[in-house]
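Working notes, structure below.
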Amino acid sequence: MSESFTLVATDGAARAGIVHTAHGDVPTPAFMPVGTKGSVKAVDPEELRTLGASIVLGNAYHLHLRPGDELVAELGGLHSFMSWDGPILTDSGGFQVFSLRDTLLHSDDEGVTFRSVYDGRPERFTPELAARIQERLGSDIAMCLDICAPAGVTRAELELAVRRTTIWAQQQRELPRAPGQLRFAITQGGLDVELRRRSSEELAPLDFDGYAIGGLSVGEAREPMFEATAHAASFLPAGKPRYFMGIGDPEGVIEVISRGVDMFDCVLPTRTARTGSALTWEGRLNLRNARFARDPGPLDEGCACPACTRYTRAYIRHLVNQQEILGLRLLSLHNLRFLIDLVAAARKAIERGAFETWRADALTRLTRQPLEI
């Protein structure tokens, strides 16, 4: 095991462990709520603690552009700035090259140039800059800058993404970092097993503190994505944490845990909440629907979140339909708690050697009702 990770138990490919960071331990599997701009939308840091979150995610691209990483550093770093004293992972901006690719002006072996989504000015991101931004932010886990290719690109484009991602990881390996800061590399290769193996074999000898599986959940079909996840995880060092970038639906989370993933993040629980929907063991509920108008029950039976312990479906539906901010806040709190509890249950099942039974039961419960639009 590495100094940054302790593997506690395995059950098949599924793993339970602990990631050790400068701001505390993170039990894995771990769902990381996304605070892109230094805030998990509509949720206070103290509420995140109460919900059971052990680590949150921030975004180097957005924080560099607004308010600026130098300003954050001047004010004591990201932990102090957002008043969160637990672990923080910052992504590097590589995903924004994919998700905001309409703004991309130029890409080469040295970095990428794009137009800022805030004011349209050209911005240049390099591996060195990505590392320096995250050093200033003072996050506990800093991600390497990578190339995230969208689904459906040619093999040549995937090969280019793998090659540049490796070159950039090599450059970032020994760059300065904040005190105690861990650095994770990101593997690429899309759905191509050979390229996934190549990416992992190039990055593993560099002995990073952890490894992410990038370039998945970017528009490809689900089953091939899960198959690629299994291959990608199997190629990575067993003694280092594995992070799937960008998955947060309950079924997807269970499936990637079963394939050996330790950490994952997604905006889905809070974004879904802001559309008026709740994640439950009955499936996804659209609280705008008339069938909830007189429903006196909680969003999800047995859930200990503030929404479920204090309010009815009928009341939350009223708030959502009247565009009251409280409704979207309560749904955000619930959806985060639902996912955090789900992952905690998965960990317990792994520790007692009953993960496959738990997984089958959980997936049956989650999929017995159709998702509501």
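Identifiers for the structure tokens are assigned positionally: chains receive A, B, ... in sequence, residues are indexed from 1 per chain, and ligands are indexed from 1 in the order shown.
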
Exercise: segment 96-112 of chain A partners within 7 Å, only C-alpha atoms, chain neighbours under 5 positions left out, as a PDB file with N, CA, C and O atoms, in the first residue's frame:
ATOM      1  N   ARG A 124      -4.554  30.442 -21.923  1.00  0.00           N
ATOM      2  CA  ARG A 124      -3.657  29.326 -22.216  1.00  0.00           C
ATOM      3  C   ARG A 124      -3.489  28.473 -20.971  1.00  0.00           C
ATOM      4  O   ARG A 124      -3.141  28.987 -19.902  1.00  0.00           O
ATOM      5  N   PHE A 125      -3.804  27.179 -21.073  1.00  0.00           N
ATOM      6  CA  PHE A 125      -3.587  26.240 -19.975  1.00  0.00           C
ATOM      7  C   PHE A 125      -2.459  25.291 -20.356  1.00  0.00           C
ATOM      8  O   PHE A 125      -2.477  24.706 -21.443  1.00  0.00           O
ATOM      9  N   THR A 126      -1.492  25.160 -19.485  1.00  0.00           N
ATOM     10  CA  THR A 126      -0.392  24.224 -19.659  1.00  0.00           C
ATOM     11  C   THR A 126      -0.328  23.311 -18.436  1.00  0.00           C
ATOM     12  O   THR A 126      -0.914  23.631 -17.392  1.00  0.00           O
ATOM     13  N   PRO A 127       0.383  22.193 -18.534  1.00  0.00           N
ATOM     14  CA  PRO A 127       0.541  21.342 -17.348  1.00  0.00           C
ATOM     15  C   PRO A 127       1.136  22.110 -16.166  1.00  0.00           C
ATOM     16  O   PRO A 127       0.702  21.930 -15.025  1.00  0.00           O
ATOM     17  N   CYS A 148      -9.213  14.980 -22.503  1.00  0.00           N
ATOM     18  CA  CYS A 148     -10.414  14.138 -22.410  1.00  0.00           C
ATOM     19  C   CYS A 148     -11.109  14.150 -23.766  1.00  0.00           C
ATOM     20  O   CYS A 148     -11.752  15.132 -24.138  1.00  0.00           O
ATOM     21  N   ALA A 149     -10.970  13.064 -24.512  1.00  0.00           N
ATOM     22  CA  ALA A 149     -11.572  12.996 -25.844  1.00  0.00           C
ATOM     23  C   ALA A 149     -13.057  12.649 -25.737  1.00  0.00           C
ATOM     24  O   ALA A 149     -13.437  11.797 -24.932  1.00  0.00           O
ATOM     25  N   PRO A 150     -13.927  13.300 -26.525  1.00  0.00           N
ATOM     26  CA  PRO A 150     -15.351  12.960 -26.497  1.00  0.00           C
ATOM     27  C   PRO A 150     -15.615  11.588 -27.102  1.00  0.00           C
ATOM     28  O   PRO A 150     -14.742  11.014 -27.773  1.00  0.00           O
ATOM     29  N   ARG A 164      -0.520  12.747 -25.342  1.00  0.00           N
ATOM     30  CA  ARG A 164      -0.357  14.053 -24.683  1.00  0.00           C
ATOM     31  C   ARG A 164      -0.586  13.946 -23.180  1.00  0.00           C
ATOM     32  O   ARG A 164       0.112  14.598 -22.383  1.00  0.00           O
TER      33      ARG A 164
END

_Can you tell me, as a ChimeraX atom specification, which residues in segment 27-266 of chain A count as helix (DSSP H, G or I) by DSSP?_
/A:45-51,60-65,69-74,78-82,94-99,101-103,127-137,155-172,193-206,222-234,250-258

List the neighbours of Gly17 of chain A out to 6 Å using only C-alpha atoms; skip same-chain residues closer than 5 positions along the sequence, and give me the result as a PDB file with all heavy atoms, in the first residue's frame.
ATOM      1  N   THR A   6      -4.879   3.119   2.122  1.00  0.00           N
ATOM      2  CA  THR A   6      -4.902   1.834   2.801  1.00  0.00           C
ATOM      3  C   THR A   6      -6.076   1.029   2.278  1.00  0.00           C
ATOM      4  O   THR A   6      -7.217   1.502   2.307  1.00  0.00           O
ATOM      5  CB  THR A   6      -5.055   2.008   4.334  1.00  0.00           C
ATOM      6  OG1 THR A   6      -3.979   2.801   4.827  1.00  0.00           O
ATOM      7  CG2 THR A   6      -5.057   0.657   5.026  1.00  0.00           C
ATOM      8  N   LEU A   7      -5.809  -0.162   1.769  1.00  0.00           N
ATOM      9  CA  LEU A   7      -6.873  -1.047   1.314  1.00  0.00           C
ATOM     10  C   LEU A   7      -7.346  -1.878   2.498  1.00  0.00           C
ATOM     11  O   LEU A   7      -6.567  -2.612   3.107  1.00  0.00           O
ATOM     12  CB  LEU A   7      -6.346  -1.946   0.187  1.00  0.00           C
ATOM     13  CG  LEU A   7      -7.376  -2.792  -0.557  1.00  0.00           C
ATOM     14  CD1 LEU A   7      -8.415  -1.913  -1.234  1.00  0.00           C
ATOM     15  CD2 LEU A   7      -6.672  -3.676  -1.591  1.00  0.00           C
ATOM     16  N   VAL A   8      -8.616  -1.720   2.833  1.00  0.00           N
ATOM     17  CA  VAL A   8      -9.164  -2.353   4.036  1.00  0.00           C
ATOM     18  C   VAL A   8      -9.765  -3.720   3.739  1.00  0.00           C
ATOM     19  O   VAL A   8      -9.589  -4.674   4.496  1.00  0.00           O
ATOM     20  CB  VAL A   8     -10.224  -1.431   4.681  1.00  0.00           C
ATOM     21  CG1 VAL A   8     -10.913  -2.118   5.848  1.00  0.00           C
ATOM     22  CG2 VAL A   8      -9.596  -0.117   5.136  1.00  0.00           C
ATOM     23  N   PRO A  27     -12.925   7.655   3.766  1.00  0.00           N
ATOM     24  CA  PRO A  27     -13.280   6.243   3.585  1.00  0.00           C
ATOM     25  C   PRO A  27     -13.772   6.029   2.153  1.00  0.00           C
ATOM     26  O   PRO A  27     -14.516   6.854   1.612  1.00  0.00           O
ATOM     27  CB  PRO A  27     -14.413   6.016   4.594  1.00  0.00           C
ATOM     28  CG  PRO A  27     -14.397   7.210   5.504  1.00  0.00           C
ATOM     29  CD  PRO A  27     -13.825   8.335   4.712  1.00  0.00           C
ATOM     30  N   THR A  28     -13.335   4.934   1.548  1.00  0.00           N
ATOM     31  CA  THR A  28     -13.786   4.629   0.191  1.00  0.00           C
ATOM     32  C   THR A  28     -14.506   3.284   0.182  1.00  0.00           C
ATOM     33  O   THR A  28     -14.230   2.431   1.015  1.00  0.00           O
ATOM     34  CB  THR A  28     -12.588   4.590  -0.783  1.00  0.00           C
ATOM     35  OG1 THR A  28     -11.710   3.519  -0.406  1.00  0.00           O
ATOM     36  CG2 THR A  28     -11.841   5.899  -0.795  1.00  0.00           C
TER      37      THR A  28
END

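Across A:Pro205, A:Val343, A:Phe355, A:Gly12, the tightest approach to Ser54 of chain A is made by A:Val343 when counting only C-alpha atoms.
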
*asked:* I need the strand (DSSP E or B) residues of segment 55-240 of chain A per DSSP on the backbone, written as number ranges by chain.
replied: A: 56-59, 88-91, 104-108, 111-115, 122-125, 141-143, 182-187, 210-213

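Residue neighbourhood of segment 85-91 of chain A, excluding near-sequence residues (fewer than 5 positions): His23, Ile55, Val56, Leu57, Gly58, Asn59, Ala60, His79, Ser139, Asp140, Ile141, Ala142 and Met143 of chain A, at 6 Å, using only C-alpha atoms.
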
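Closest approach to Leu203 of chain A among A:Trp168, A:Tyr61, A:Trp358, A:Trp84 is made by A:Trp168 (distances from only C-alpha atoms).
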
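Computed from the coordinates, the atom CA of Thr166 of chain A to atom CA of Ala131 of chain A distance equals 15.0 Å.
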
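Among the candidates A:Phe114, A:Phe81, A:Phe95, A:Phe292, the residue lying nearest to Leu137 of chain A is A:Phe81 (atoms considered: only C-alpha atoms).
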
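Closest to Ala221 of chain A among A:Gly246, A:Gly152, A:Gly283, A:Gly239 is A:Gly152, based on only C-alpha atoms.
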